[in-house]
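One file, work.cif, carrying mmCIF, C-alpha atoms:
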```
data_query
loop_
_atom_site.label_atom_id
_atom_site.label_comp_id
_atom_site.auth_asym_id
_atom_site.auth_seq_id
_atom_site.Cartn_x
_atom_site.Cartn_y
_atom_site.Cartn_z
CA MET A 1 -17.98 -9.13 23.53
CA THR A 2 -17.59 -7.17 20.29
CA SER A 3 -15.78 -9.02 17.50
CA PRO A 4 -12.50 -7.51 16.30
CA ILE A 5 -12.54 -5.45 13.11
CA THR A 6 -10.86 -7.36 10.28
CA VAL A 7 -8.25 -5.33 8.40
CA ILE A 8 -6.73 -6.92 5.30
CA ALA A 9 -3.41 -5.20 4.52
CA VAL A 10 -1.99 -5.21 0.98
CA HIS A 11 1.67 -4.38 0.39
CA GLY A 12 3.26 -2.15 -2.21
CA ASN A 13 5.55 -3.20 -5.06
CA GLY A 14 8.44 -5.58 -4.46
CA GLY A 15 7.57 -6.91 -1.03
CA GLY A 16 4.76 -8.74 0.69
CA ALA A 17 3.07 -9.24 4.05
CA PHE A 18 6.46 -9.18 5.80
CA ARG A 19 6.53 -5.39 5.40
CA PHE A 20 3.92 -5.21 8.16
CA ASP A 21 5.79 -7.63 10.43
CA ARG A 22 7.03 -5.02 12.90
CA VAL A 23 3.46 -3.77 13.39
CA ARG A 24 1.91 -7.05 14.53
CA GLU A 25 2.89 -6.95 18.21
CA PHE A 26 1.36 -3.48 18.62
CA ILE A 27 -2.00 -4.05 16.91
CA PRO A 28 -4.84 -3.30 19.39
CA ASP A 29 -7.14 -6.13 20.46
CA THR A 30 -9.98 -4.46 18.58
CA ILE A 31 -8.29 -5.25 15.24
CA ASP A 32 -7.92 -8.61 13.48
CA PHE A 33 -4.90 -7.67 11.36
CA ARG A 34 -4.36 -9.83 8.26
CA PRO A 35 -1.49 -8.81 5.95
CA ILE A 36 -1.38 -10.82 2.71
CA THR A 37 1.14 -11.42 -0.08
CA LEU A 38 -0.21 -11.35 -3.62
CA PRO A 39 1.04 -13.82 -6.25
CA GLY A 40 4.38 -12.87 -7.77
CA PHE A 41 5.48 -10.68 -4.86
CA ALA A 42 8.28 -11.44 -2.44
CA ALA A 43 8.88 -15.22 -2.69
CA VAL A 44 5.32 -16.17 -3.67
CA PRO A 45 5.22 -17.68 -7.18
CA ARG A 46 3.53 -15.62 -9.84
CA ASP A 47 0.14 -16.61 -11.24
CA PRO A 48 0.29 -16.45 -15.06
CA SER A 49 -3.45 -15.76 -15.19
CA LEU A 50 -2.92 -12.40 -13.44
CA ARG A 51 -2.00 -10.00 -16.23
CA THR A 52 -3.85 -6.74 -15.54
CA VAL A 53 -4.66 -4.51 -12.60
CA GLN A 54 -8.19 -5.88 -12.74
CA ASP A 55 -6.87 -9.45 -12.50
CA TYR A 56 -4.91 -8.65 -9.33
CA ALA A 57 -7.87 -6.72 -7.94
CA ASN A 58 -10.22 -9.64 -8.56
CA HIS A 59 -7.77 -11.98 -6.83
CA LEU A 60 -7.82 -9.60 -3.89
CA GLY A 61 -11.61 -9.70 -4.02
CA THR A 62 -11.61 -13.46 -3.48
CA ILE A 63 -9.63 -12.91 -0.30
CA CYS A 64 -11.95 -10.16 0.94
CA ALA A 65 -14.99 -12.36 0.22
CA GLN A 66 -13.74 -14.86 2.81
CA HIS A 67 -14.46 -12.28 5.51
CA ASP A 68 -17.53 -10.33 6.57
CA ARG A 69 -16.97 -6.94 4.91
CA PRO A 70 -13.44 -6.26 6.12
CA ILE A 71 -11.61 -2.97 5.96
CA LEU A 72 -9.10 -3.02 3.12
CA LEU A 73 -5.75 -1.28 3.65
CA GLY A 74 -3.61 -0.79 0.54
CA HIS A 75 -0.11 0.67 0.55
CA GLY A 76 1.33 2.00 -2.72
CA ILE A 77 0.16 -0.26 -5.54
CA GLY A 78 -1.82 -2.23 -2.96
CA GLY A 79 -4.02 0.86 -2.84
CA SER A 80 -4.30 0.77 -6.64
CA PHE A 81 -5.58 -2.80 -6.56
CA ALA A 82 -8.02 -1.94 -3.77
CA LEU A 83 -9.41 1.05 -5.70
CA ASP A 84 -9.76 -1.02 -8.86
CA LEU A 85 -11.65 -3.73 -6.96
CA MET A 86 -14.14 -1.14 -5.74
CA GLN A 87 -15.04 -0.34 -9.35
CA ARG A 88 -16.92 -3.66 -9.52
CA GLN A 89 -17.47 -4.96 -5.98
CA PRO A 90 -17.84 -2.02 -3.59
CA ASP A 91 -20.01 -4.02 -1.19
CA LEU A 92 -17.21 -6.46 -0.42
CA VAL A 93 -15.68 -4.12 2.16
CA ARG A 94 -16.79 -1.81 4.92
CA GLY A 95 -14.23 0.81 3.99
CA LEU A 96 -10.84 1.56 2.45
CA ILE A 97 -7.59 2.92 3.83
CA LEU A 98 -5.40 3.95 0.91
CA GLU A 99 -1.89 4.61 2.16
CA ALA A 100 0.15 6.73 -0.29
CA PRO A 101 -1.54 4.95 -3.21
CA VAL A 102 -0.35 4.88 -6.83
CA GLY A 103 -2.53 6.26 -9.63
CA PRO A 104 -2.53 9.85 -10.85
CA ALA A 105 0.25 11.72 -12.68
CA LEU A 106 1.86 8.51 -13.93
CA GLU A 107 2.84 10.22 -17.17
CA SER A 108 4.72 12.99 -15.34
CA ARG A 109 6.22 11.34 -12.24
CA LYS A 110 9.96 10.69 -12.55
CA LEU A 111 10.08 7.07 -11.42
CA PRO A 112 7.39 5.70 -13.78
CA ARG A 113 8.97 7.59 -16.68
CA LEU A 114 12.41 6.21 -15.79
CA MET A 115 11.09 2.66 -15.48
CA ASN A 116 9.63 2.79 -18.98
CA LEU A 117 13.06 3.26 -20.55
CA PRO A 118 14.53 0.13 -22.18
CA GLY A 119 16.21 -2.21 -19.70
CA MET A 120 15.45 -0.07 -16.64
CA LYS A 121 12.97 -2.38 -14.88
CA PRO A 122 15.40 -5.26 -14.21
CA LEU A 123 18.27 -2.84 -13.57
CA VAL A 124 16.38 -0.88 -10.91
CA GLN A 125 15.20 -4.10 -9.27
CA GLN A 126 18.78 -5.35 -9.07
CA LEU A 127 20.06 -2.05 -7.71
CA ILE A 128 17.43 -1.98 -4.94
CA SER A 129 18.21 -5.55 -3.88
CA PHE A 130 22.04 -5.42 -4.28
CA PRO A 131 23.55 -6.09 -0.82
CA LEU A 132 26.39 -3.59 -1.15
CA LEU A 133 23.89 -0.79 -1.81
CA ARG A 134 21.70 -1.69 1.16
CA PRO A 135 23.24 1.00 3.43
CA VAL A 136 22.41 3.65 0.81
CA TRP A 137 18.75 2.64 0.54
CA THR A 138 18.46 2.14 4.29
CA LYS A 139 19.66 5.68 4.98
CA LYS A 140 17.38 7.09 2.28
CA PHE A 141 14.14 5.35 3.22
CA PHE A 142 14.32 4.35 6.89
CA ALA A 143 14.87 5.89 10.28
CA PRO A 144 17.88 4.63 12.29
CA GLY A 145 17.47 1.55 14.43
CA ILE A 146 15.74 -0.90 12.08
CA PRO A 147 17.03 -4.42 12.93
CA PRO A 148 19.56 -5.64 10.31
CA GLU A 149 17.80 -8.99 9.97
CA PHE A 150 14.58 -7.20 9.02
CA LEU A 151 16.37 -5.08 6.43
CA ARG A 152 18.07 -8.12 4.91
CA ARG A 153 14.74 -9.77 4.24
CA PHE A 154 13.07 -6.51 3.19
CA PHE A 155 15.57 -5.94 0.37
CA ALA A 156 15.84 -9.64 -0.52
CA GLU A 157 12.12 -9.65 -1.28
CA TYR A 158 12.70 -7.09 -4.03
CA ARG A 159 15.11 -9.54 -5.66
CA GLN A 160 12.63 -12.42 -5.29
CA CYS A 161 9.65 -10.47 -6.67
CA SER A 162 8.86 -11.82 -10.14
CA VAL A 163 6.39 -9.07 -11.12
CA PHE A 164 8.21 -5.95 -9.94
CA GLY A 165 8.78 -4.51 -13.42
CA GLU A 166 5.40 -5.66 -14.68
CA MET A 167 3.65 -3.33 -12.25
CA PHE A 168 5.07 -0.30 -14.06
CA THR A 169 3.57 -1.65 -17.28
CA ILE A 170 0.04 -2.41 -16.10
CA ILE A 171 -0.42 0.51 -13.70
CA GLU A 172 -0.35 3.26 -16.30
CA PRO A 173 -2.33 6.36 -17.33
CA THR A 174 -4.94 4.49 -19.38
CA TRP A 175 -5.82 2.40 -16.34
CA TRP A 176 -6.07 5.44 -14.07
CA ASN A 177 -8.19 7.39 -16.59
CA SER A 178 -10.65 4.48 -16.83
CA LEU A 179 -11.62 4.65 -13.15
CA HIS A 180 -14.97 6.03 -12.09
CA SER A 181 -16.19 7.49 -8.82
CA VAL A 182 -16.92 5.06 -5.97
CA SER A 183 -18.82 5.87 -2.79
CA VAL A 184 -17.04 3.47 -0.42
CA PRO A 185 -16.04 5.27 2.80
CA THR A 186 -12.32 5.88 2.38
CA ILE A 187 -9.44 7.37 4.30
CA LEU A 188 -6.44 8.55 2.30
CA TRP A 189 -3.50 8.05 4.66
CA TRP A 190 -0.34 10.00 3.97
CA GLY A 191 2.89 11.00 5.68
CA SER A 192 3.93 14.64 5.63
CA GLU A 193 7.49 13.60 4.70
CA GLU A 194 6.46 11.18 1.94
CA ARG A 195 8.98 11.46 -0.90
CA LEU A 196 7.94 8.77 -3.38
CA LEU A 197 4.23 9.61 -3.64
CA GLY A 198 3.60 13.11 -2.34
CA THR A 199 0.41 14.48 -0.82
CA ASN A 200 -0.05 16.61 -3.95
CA LEU A 201 -1.64 13.50 -5.49
CA ALA A 202 -4.40 13.35 -2.87
CA ASP A 203 -6.86 15.66 -4.64
CA ASP A 204 -6.98 13.36 -7.67
CA PHE A 205 -8.03 10.50 -5.42
CA LEU A 206 -10.56 12.61 -3.55
CA ASN A 207 -12.19 13.46 -6.87
CA LEU A 208 -12.91 9.73 -7.27
CA LEU A 209 -13.95 9.23 -3.66
CA PRO A 210 -16.88 11.43 -2.61
CA ASN A 211 -16.92 9.69 0.78
CA GLY A 212 -13.19 10.10 1.23
CA SER A 213 -11.13 12.11 3.69
CA LEU A 214 -7.43 12.87 3.93
CA VAL A 215 -5.36 12.13 7.04
CA ILE A 216 -1.77 13.38 7.07
CA GLU A 217 0.62 12.06 9.72
CA GLN A 218 3.33 14.53 10.65
CA GLY A 219 6.86 13.22 10.19
CA TRP A 220 5.91 9.99 8.46
CA ASP A 221 7.70 8.91 5.29
CA HIS A 222 6.94 6.08 2.83
CA PHE A 223 7.36 3.08 5.16
CA PRO A 224 5.88 4.08 8.53
CA MET A 225 4.93 0.45 9.21
CA VAL A 226 8.69 -0.17 9.34
CA ASP A 227 9.90 3.11 10.87
CA ARG A 228 7.15 3.66 13.44
CA PRO A 229 5.44 0.30 14.06
CA GLN A 230 3.87 1.15 17.41
CA GLU A 231 2.54 4.53 16.30
CA TYR A 232 1.40 3.01 13.02
CA ALA A 233 -0.56 0.28 14.80
CA GLN A 234 -2.22 2.74 17.15
CA ARG A 235 -3.26 5.08 14.35
CA LEU A 236 -4.48 2.17 12.24
CA GLY A 237 -6.72 1.12 15.12
CA VAL A 238 -8.23 4.60 15.28
CA LEU A 239 -8.84 4.82 11.53
CA ALA A 240 -10.35 1.34 11.39
CA GLU A 241 -12.76 2.26 14.18
CA GLN A 242 -13.80 5.36 12.25
CA LEU A 243 -14.56 3.33 9.14
CA HIS A 244 -16.32 0.66 11.14
CA GLN A 245 -18.63 3.33 12.54
CA PRO A 246 -19.01 5.82 9.66
CA GLN A 247 -20.65 8.45 11.85
CA GLN A 248 -17.20 8.97 13.36
CA LEU A 249 -15.60 9.63 9.99
CA HIS A 250 -14.89 13.30 9.29
CA GLN A 251 -15.59 14.26 5.70
CA HIS A 252 -12.83 16.83 5.35
CA ASN A 253 -9.07 17.03 5.25
CA GLN A 254 -7.38 16.37 8.55
CA PRO A 255 -4.01 17.62 9.75
#
```

Using C-alpha coordinates, write down the structure from this file.
Amino acid sequence: MTSPITVIAVHGNGGGAFRFDRVREFIPDTIDFRPITLPGFAAVPRDPSLRTVQDYANHLGTICAQHDRPILLGHGIGGSFALDLMQRQPDLVRGLILEAPVGPALESRKLPRLMNLPGMKPLVQQLISFPLLRPVWTKKFFAPGIPPEFLRRFFAEYRQCSVFGEMFTIIEPTWWNSLHSVSVPTILWWGSEERLLGTNLADDFLNLLPNGSLVIEQGWDHFPMVDRPQEYAQRLGVLAEQLHQPQQLHQHNQP
(Lines of atoms letter the chains of each structure in order from A and count residues from 1; the text may use other names and numbers.)
(Lines give C-alpha, C1' and ligand atoms only; values in the text may rest on other atoms or scores of the structure.)
Protein backbone atom coordinates (compact mmCIF):
# COMPACT_ATOMS: atom_id res chain seq x y z
CA MET A 1 0.00 0.00 0.00
CA THR A 2 1.35 3.43 -0.98
CA SER A 3 1.99 5.79 1.94
CA PRO A 4 -0.07 8.99 2.03
CA ILE A 5 1.56 12.19 0.79
CA THR A 6 2.34 14.49 3.72
CA VAL A 7 1.13 18.06 3.23
CA ILE A 8 2.14 20.61 5.87
CA ALA A 9 -0.24 23.59 5.70
CA VAL A 10 0.84 27.03 6.95
CA HIS A 11 -1.77 29.70 7.69
CA GLY A 12 -1.78 33.37 6.78
CA ASN A 13 -1.62 36.34 9.16
CA GLY A 14 -3.79 36.46 12.27
CA GLY A 15 -4.99 32.88 12.45
CA GLY A 16 -3.56 29.40 12.72
CA ALA A 17 -4.22 25.77 11.86
CA PHE A 18 -7.91 26.22 12.71
CA ARG A 19 -8.40 28.01 9.38
CA PHE A 20 -8.11 24.62 7.69
CA ASP A 21 -10.52 22.93 10.12
CA ARG A 22 -13.45 22.69 7.71
CA VAL A 23 -11.23 20.94 5.16
CA ARG A 24 -10.15 18.01 7.32
CA GLU A 25 -13.17 15.75 6.84
CA PHE A 26 -12.87 15.97 3.05
CA ILE A 27 -9.14 15.31 2.67
CA PRO A 28 -8.60 12.23 0.43
CA ASP A 29 -6.99 9.14 1.92
CA THR A 30 -3.94 9.73 -0.27
CA ILE A 31 -3.05 12.86 1.76
CA ASP A 32 -1.67 13.10 5.30
CA PHE A 33 -2.85 16.64 6.00
CA ARG A 34 -0.99 18.47 8.79
CA PRO A 35 -1.96 22.11 9.39
CA ILE A 36 0.30 23.87 11.91
CA THR A 37 0.18 27.08 13.96
CA LEU A 38 3.38 29.11 14.11
CA PRO A 39 4.47 30.81 17.35
CA GLY A 40 2.66 34.07 18.04
CA PHE A 41 -0.35 33.27 15.87
CA ALA A 42 -3.86 32.58 17.11
CA ALA A 43 -3.50 31.64 20.80
CA VAL A 44 0.01 30.17 20.54
CA PRO A 45 2.51 32.22 22.59
CA ARG A 46 5.08 34.16 20.63
CA ASP A 47 8.72 33.09 20.56
CA PRO A 48 10.92 36.14 21.25
CA SER A 49 13.75 34.56 19.25
CA LEU A 50 11.68 34.79 16.05
CA ARG A 51 12.25 38.32 14.79
CA THR A 52 12.67 38.08 11.01
CA VAL A 53 11.10 36.27 8.08
CA GLN A 54 14.14 34.02 8.05
CA ASP A 55 13.61 33.15 11.72
CA TYR A 56 10.02 32.06 11.08
CA ALA A 57 11.10 30.20 7.95
CA ASN A 58 13.81 28.33 9.85
CA HIS A 59 11.28 27.39 12.53
CA LEU A 60 9.09 26.03 9.76
CA GLY A 61 12.10 24.12 8.47
CA THR A 62 12.45 22.26 11.77
CA ILE A 63 8.87 21.08 11.36
CA CYS A 64 9.41 19.98 7.75
CA ALA A 65 12.58 18.11 8.77
CA GLN A 66 10.47 15.82 10.97
CA HIS A 67 8.91 14.37 7.81
CA ASP A 68 10.28 12.72 4.70
CA ARG A 69 10.26 15.58 2.17
CA PRO A 70 6.68 16.75 2.62
CA ILE A 71 4.78 19.09 0.34
CA LEU A 72 4.61 22.54 1.90
CA LEU A 73 1.39 24.54 1.46
CA GLY A 74 1.57 28.22 2.44
CA HIS A 75 -1.39 30.59 2.41
CA GLY A 76 -0.73 34.34 2.41
CA ILE A 77 2.30 35.02 4.60
CA GLY A 78 2.59 31.27 5.12
CA GLY A 79 3.67 31.22 1.48
CA SER A 80 6.22 33.94 2.23
CA PHE A 81 7.80 31.84 4.97
CA ALA A 82 7.81 28.78 2.72
CA LEU A 83 9.53 30.67 -0.11
CA ASP A 84 12.11 32.10 2.28
CA LEU A 85 12.88 28.64 3.65
CA MET A 86 13.58 27.40 0.12
CA GLN A 87 16.35 30.00 -0.20
CA ARG A 88 18.49 27.88 2.14
CA GLN A 89 16.98 24.39 2.39
CA PRO A 90 15.27 23.50 -0.89
CA ASP A 91 15.83 19.78 -0.37
CA LEU A 92 13.63 19.71 2.73
CA VAL A 93 10.46 19.43 0.65
CA ARG A 94 9.20 17.64 -2.42
CA GLY A 95 7.34 20.67 -3.65
CA LEU A 96 5.54 23.90 -2.76
CA ILE A 97 1.95 25.06 -3.07
CA LEU A 98 1.87 28.83 -2.59
CA GLU A 99 -1.71 29.95 -2.15
CA ALA A 100 -2.15 33.69 -2.81
CA PRO A 101 1.26 34.36 -1.23
CA VAL A 102 2.57 37.71 0.00
CA GLY A 103 5.72 39.25 -1.48
CA PRO A 104 5.83 41.56 -4.49
CA ALA A 105 4.49 45.12 -4.78
CA LEU A 106 4.59 45.67 -1.02
CA GLU A 107 5.51 49.31 -1.55
CA SER A 108 2.45 49.96 -3.73
CA ARG A 109 -0.31 47.73 -2.31
CA LYS A 110 -2.88 49.67 -0.27
CA LEU A 111 -3.02 47.48 2.82
CA PRO A 112 0.74 47.35 3.55
CA ARG A 113 0.96 51.12 3.01
CA LEU A 114 -1.98 51.70 5.36
CA MET A 115 -0.53 49.41 8.02
CA ASN A 116 2.72 51.37 8.07
CA LEU A 117 0.96 54.53 9.23
CA PRO A 118 1.38 55.34 12.95
CA GLY A 119 -1.02 53.42 15.19
CA MET A 120 -2.68 51.51 12.35
CA LYS A 121 -1.44 48.00 13.16
CA PRO A 122 -3.22 47.64 16.54
CA LEU A 123 -6.25 49.57 15.28
CA VAL A 124 -6.78 47.31 12.26
CA GLN A 125 -6.30 44.21 14.41
CA GLN A 126 -8.96 45.44 16.84
CA LEU A 127 -11.36 46.33 14.04
CA ILE A 128 -11.05 42.88 12.44
CA SER A 129 -11.67 41.11 15.75
CA PHE A 130 -14.39 43.45 17.13
CA PRO A 131 -17.56 41.33 17.60
CA LEU A 132 -19.98 44.03 16.45
CA LEU A 133 -18.15 44.31 13.12
CA ARG A 134 -18.13 40.56 12.53
CA PRO A 135 -21.19 40.66 10.19
CA VAL A 136 -19.41 43.24 8.01
CA TRP A 137 -16.24 41.16 7.63
CA THR A 138 -18.24 37.96 7.21
CA LYS A 139 -20.21 39.41 4.31
CA LYS A 140 -17.05 40.83 2.73
CA PHE A 141 -14.83 37.75 2.92
CA PHE A 142 -17.04 34.66 3.15
CA ALA A 143 -19.81 32.96 1.27
CA PRO A 144 -23.14 32.50 3.11
CA GLY A 145 -23.60 29.47 5.32
CA ILE A 146 -20.39 29.42 7.38
CA PRO A 147 -21.27 28.10 10.87
CA PRO A 148 -21.39 30.94 13.44
CA GLU A 149 -19.23 29.00 15.90
CA PHE A 150 -16.50 28.74 13.27
CA LEU A 151 -16.66 32.46 12.54
CA ARG A 152 -16.49 33.34 16.24
CA ARG A 153 -13.22 31.48 16.64
CA PHE A 154 -11.87 32.67 13.27
CA PHE A 155 -12.18 36.34 14.25
CA ALA A 156 -11.18 35.74 17.89
CA GLU A 157 -7.85 34.38 16.67
CA TYR A 158 -7.06 37.77 15.13
CA ARG A 159 -7.48 39.32 18.57
CA GLN A 160 -5.28 36.65 20.19
CA CYS A 161 -2.49 36.90 17.60
CA SER A 162 0.48 38.62 19.23
CA VAL A 163 2.50 39.14 16.02
CA PHE A 164 -0.19 40.38 13.63
CA GLY A 165 1.26 43.89 13.24
CA GLU A 166 4.84 42.65 13.29
CA MET A 167 4.28 40.78 10.03
CA PHE A 168 3.76 44.06 8.18
CA THR A 169 7.13 45.22 9.50
CA ILE A 170 9.26 42.19 8.64
CA ILE A 171 7.62 41.24 5.34
CA GLU A 172 8.67 44.32 3.40
CA PRO A 173 10.28 45.27 0.06
CA THR A 174 13.87 44.76 1.21
CA TRP A 175 13.06 41.18 2.15
CA TRP A 176 11.32 40.48 -1.15
CA ASN A 177 14.15 42.04 -3.19
CA SER A 178 16.70 39.84 -1.43
CA LEU A 179 15.16 36.59 -2.68
CA HIS A 180 16.84 34.57 -5.39
CA SER A 181 15.52 32.00 -7.83
CA VAL A 182 14.76 28.52 -6.48
CA SER A 183 14.13 25.41 -8.57
CA VAL A 184 11.73 23.61 -6.21
CA PRO A 185 8.67 22.36 -8.12
CA THR A 186 5.96 24.85 -7.21
CA ILE A 187 2.30 25.45 -7.88
CA LEU A 188 1.00 28.99 -7.43
CA TRP A 189 -2.62 28.52 -6.36
CA TRP A 190 -4.97 31.45 -6.82
CA GLY A 191 -8.68 32.20 -6.88
CA SER A 192 -10.10 34.17 -9.78
CA GLU A 193 -12.09 36.33 -7.33
CA GLU A 194 -9.16 36.98 -4.96
CA ARG A 195 -9.42 40.56 -3.70
CA LEU A 196 -6.62 40.88 -1.14
CA LEU A 197 -3.75 39.48 -3.23
CA GLY A 198 -4.68 39.49 -6.89
CA THR A 199 -3.40 37.20 -9.63
CA ASN A 200 -1.51 40.18 -11.10
CA LEU A 201 1.21 39.33 -8.55
CA ALA A 202 1.76 35.84 -9.97
CA ASP A 203 4.33 36.80 -12.63
CA ASP A 204 6.68 38.16 -9.97
CA PHE A 205 6.62 34.80 -8.22
CA LEU A 206 7.04 32.87 -11.45
CA ASN A 207 10.19 34.88 -12.15
CA LEU A 208 11.65 33.38 -8.96
CA LEU A 209 10.31 29.90 -9.62
CA PRO A 210 11.54 28.42 -12.92
CA ASN A 211 9.80 25.14 -12.04
CA GLY A 212 6.58 26.89 -11.12
CA SER A 213 3.13 26.86 -12.68
CA LEU A 214 0.00 28.89 -12.04
CA VAL A 215 -3.37 27.31 -11.23
CA ILE A 216 -6.37 29.63 -11.05
CA GLU A 217 -9.60 28.34 -9.50
CA GLN A 218 -12.69 29.99 -10.92
CA GLY A 219 -14.90 31.68 -8.33
CA TRP A 220 -12.53 31.26 -5.41
CA ASP A 221 -11.77 34.20 -3.11
CA HIS A 222 -9.17 34.59 -0.34
CA PHE A 223 -10.39 31.88 2.07
CA PRO A 224 -11.51 28.92 -0.08
CA MET A 225 -10.54 26.52 2.73
CA VAL A 226 -13.41 28.13 4.65
CA ASP A 227 -15.85 28.85 1.82
CA ARG A 228 -15.41 25.67 -0.22
CA PRO A 229 -13.88 23.02 2.06
CA GLN A 230 -14.88 19.97 0.03
CA GLU A 231 -13.78 21.43 -3.30
CA TYR A 232 -10.62 22.76 -1.68
CA ALA A 233 -9.71 19.33 -0.29
CA GLN A 234 -10.32 17.62 -3.62
CA ARG A 235 -8.22 20.12 -5.55
CA LEU A 236 -5.46 19.97 -2.94
CA GLY A 237 -5.32 16.21 -3.41
CA VAL A 238 -4.88 16.64 -7.16
CA LEU A 239 -2.14 19.26 -6.82
CA ALA A 240 -0.28 17.26 -4.19
CA GLU A 241 -0.30 14.23 -6.49
CA GLN A 242 1.13 16.35 -9.30
CA LEU A 243 3.98 17.55 -7.10
CA HIS A 244 4.59 14.08 -5.74
CA GLN A 245 5.03 12.84 -9.31
CA PRO A 246 6.65 15.79 -11.12
CA GLN A 247 6.10 14.27 -14.55
CA GLN A 248 2.42 15.11 -14.05
CA LEU A 249 3.14 18.77 -13.37
CA HIS A 250 2.37 21.08 -16.29
CA GLN A 251 4.95 23.83 -16.69
CA HIS A 252 2.58 26.52 -17.92
CA ASN A 253 -0.29 28.63 -16.69
CA GLN A 254 -3.50 26.73 -16.14
CA PRO A 255 -7.05 28.05 -16.26

Ranking A:Ile8, A:Ile31, A:Ile128, A:Ala143 by minimum distance to His75 of chain A and counting all atoms listed in the file, which one comes first?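 Residue with the minimum atom-to-atom distance to His75 of chain A: A:Ile8.
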
Near Ser178 of chain A, within 12 Å and counting only C-alpha atoms, which residues show up once chain neighbours fewer than 2 positions away are dropped, as a PyMOL selection string? chain A and resi 53-54+83-84+87+103-104+171-176+180-181+208

I'd like the neighbourhood of segment 210-222 of chain A as an MDAnalysis selection string, where a residue qualifies if any of its atoms comes within 10 Å (using only C-alpha atoms), though same-chain residues fewer than 6 positions away should be ignored. chainID A and resid 75:76 95:100 141:143 181:199 202:203 228 232 235 239 246 249:255

Nearest to Gln126 of chain A: which of A:Leu243, A:Leu209, A:Leu73, A:Cys161 is it, counting all atoms listed in the file? A:Cys161

For this structure, which residues satisfy the selection - the PyMOL selection byres ((chain A and resi 165) around 9) - when it is evaluated on the file as given? I want them as a PyMOL selection string. chain A and resi 115+120-122+124-125+162-164+166-169

Tell me, in Å to one decimal, how far atom CA of Phe130 of chain A is from atom CA of Pro144 of chain A.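 So the two atoms, atom CA of Phe130 of chain A and atom CA of Pro144 of chain A, lie 19.8 Å apart.
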
Applying the PyMOL selection byres ((chain A and resi 57) around 7) to the file I just gave you, which residues come out? Please list them as a PDB file with C-alpha atoms, keeping the file's coordinate frame.
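Result file is out03.pdb:
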```
ATOM      1  CA  VAL A  53      -4.660  -4.510 -12.600  1.00  0.00           C
ATOM      2  CA  GLN A  54      -8.190  -5.880 -12.740  1.00  0.00           C
ATOM      3  CA  ASP A  55      -6.870  -9.450 -12.500  1.00  0.00           C
ATOM      4  CA  TYR A  56      -4.910  -8.650  -9.330  1.00  0.00           C
ATOM      5  CA  ASN A  58     -10.220  -9.640  -8.560  1.00  0.00           C
ATOM      6  CA  HIS A  59      -7.770 -11.980  -6.830  1.00  0.00           C
ATOM      7  CA  LEU A  60      -7.820  -9.600  -3.890  1.00  0.00           C
ATOM      8  CA  GLY A  61     -11.610  -9.700  -4.020  1.00  0.00           C
ATOM      9  CA  PHE A  81      -5.580  -2.800  -6.560  1.00  0.00           C
ATOM     10  CA  ALA A  82      -8.020  -1.940  -3.770  1.00  0.00           C
ATOM     11  CA  ASP A  84      -9.760  -1.020  -8.860  1.00  0.00           C
ATOM     12  CA  LEU A  85     -11.650  -3.730  -6.960  1.00  0.00           C
TER      13      LEU A  85
END
```

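For the structure shown here, the set of residues caught by the PyMOL selection byres ((chain A and resi 92) around 10) is Gly61, Thr62, Ile63, Cys64, Ala65, Gln66, His67, Asp68, Arg69, Pro70, Ile71, Leu72, Leu85, Met86, Arg88, Gln89, Pro90, Asp91, Val93, Arg94, Gly95 and Val184 of chain A.
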
Between A:Gln160, A:Arg134, A:Val238, A:Val23, which residue has the minimum interatomic distance to Pro39 of chain A, considering only C-alpha atoms?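 Of A:Gln160, A:Arg134, A:Val238, A:Val23, the one nearest Pro39 of chain A is A:Gln160, counting only C-alpha atoms.
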
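Atom pair atom CA of Phe154 of chain A / atom CA of Asp227 of chain A has a distance of 12.7 Å (rounded to one decimal).
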
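Computed from the coordinates, the atom CA of Ser49 of chain A to atom CA of Ala17 of chain A distance equals 21.3 Å.
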